[in-house]
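The structure under discussion appears below in the form of structure tokens.
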Amino acid sequence: MSEAIVVTAEFRLKPERVDEWLRLMLDTYGPACVEERGMLRFWLHRDDADPAHILLYEHWADRADFEASMRAAWREPYLRDTEPLWDQRRIMTTYRMIESPWEPLNDDGLPKTV
């Protein structure tokens with residue numbers, strides 16, 4: 001059985017290029033990513049204290065789907081367009097879920113409604 005993973009990418013952007021990066025992510029590359037097989041969630045978060053510090057959160061059905069996405073045709077243009085906007089190299093981390101008795105997800109991996 002495959003195991004879902006979470007991938008985070010932490011970006012420190014050039015302050016004067018944040019809006020440009022957000023436009024690229026929201027209009028072009030985010031929509032491409034969410035269409036990938038196995039993509040369950042795709043969220044962008046901005047640091048309250050530093051608007052140029054962005055956290056991208058991806059929840060994947062399994063590692064194979066994530067790795068296939070890393071080879072997708074849109075990835076090369078994504079890097080070409082966004083790397084010049086980075087102030088520092090991005091930090092990517094992969095996580096596996098720790099099962100807990102209070103997990104607020106349904107069996108399908110989607111959040112339970114309140």
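Ligands are numbered from 1 in the order shown, residues from 1 within each chain, and chains are lettered A, B, ... in the order they appear in the structure tokens.
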
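Those residues of segment 24-66 of chain A that DSSP, working from the backbone, places in alpha helix (DSSP H) are Leu24, Gly30, Pro31, Ala32, Cys33, Val34, Arg63, Ala64, Asp65 and Phe66 of chain A.
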
Looking only at strand (DSSP E or B) from DSSP on the backbone, list the matching residues of chain A as a compact mmCIF listing (two decimals) with C-alpha atoms, in the first residue's frame.
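The new file states.txt reads:
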# COMPACT_ATOMS: atom_id res chain seq x y z
CA ILE A 5 3.45 12.33 1.97
CA VAL A 6 3.60 16.06 2.61
CA VAL A 7 6.21 18.16 0.88
CA THR A 8 7.01 21.69 1.98
CA ALA A 9 9.08 24.21 0.08
CA GLU A 10 10.26 27.27 1.93
CA PHE A 11 11.03 30.32 -0.20
CA ARG A 12 12.86 33.49 0.70
CA LEU A 13 12.08 35.81 -2.17
CA MET A 39 -2.10 15.88 -5.63
CA LEU A 40 -4.43 16.11 -2.63
CA ARG A 41 -3.75 19.64 -1.32
CA PHE A 42 -1.70 22.63 -2.43
CA TRP A 43 -1.49 25.61 -0.13
CA LEU A 44 0.64 28.75 -0.04
CA HIS A 45 1.32 30.50 3.27
CA ARG A 46 2.99 33.87 3.89
CA HIS A 53 9.03 34.40 3.25
CA ILE A 54 6.60 31.92 1.68
CA LEU A 55 5.81 28.33 2.62
CA LEU A 56 4.35 26.04 -0.03
CA TYR A 57 2.56 22.96 1.37
CA GLU A 58 1.77 19.98 -0.87
CA HIS A 59 -0.06 16.82 0.24
CA TRP A 60 0.50 13.89 -2.13
CA TRP A 86 14.44 33.80 -5.05
CA ILE A 91 14.40 24.48 1.20
CA MET A 92 12.32 21.39 0.39
CA THR A 93 11.36 18.85 3.05
CA THR A 94 9.33 15.64 2.77
CA TYR A 95 7.23 14.31 5.66
CA ARG A 96 5.29 11.14 6.40
CA LEU A 105 -9.56 13.51 8.36
CA PRO A 111 -10.81 17.08 6.29

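By chain and then residue number, the residues within 9 Å of segment 72-81 of chain A are A:Trp21, A:Leu24, A:Met25, A:Thr28, A:Tyr29, A:Ala32, A:Cys33, A:Glu36, A:Ala68, A:Ser69, A:Pro84, A:Leu85, counting only C-alpha atoms and disregarding those fewer than 3 positions away in sequence.
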
For this session: Using only C-alpha atoms, pick whichever of A:Val34, A:Ala64, A:Leu26, A:Ala4 has the shortest atom-to-atom distance to Asp108 of chain A.
Result: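 For Asp108 of chain A, the nearest of the given residues is A:Ala4.
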
For this session: Name the closest residue to Arg63 of chain A among the candidates A:Arg37, A:Arg17, A:Arg90, A:Arg23; distances are taken between atoms, counting only C-alpha atoms.
Result: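 Once distances to Arg63 of chain A are computed over only C-alpha atoms, the minimum belongs to A:Arg37.
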
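Coordinates place atom CA of Asp87 of chain A at a distance of 16.5 Å from atom CA of Ala49 of chain A.
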
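Considering only C-alpha atoms, the residue among A:Ala52, A:Asp47, A:Asp65, A:Gly38 positioned nearest to Pro15 of chain A is A:Ala52.
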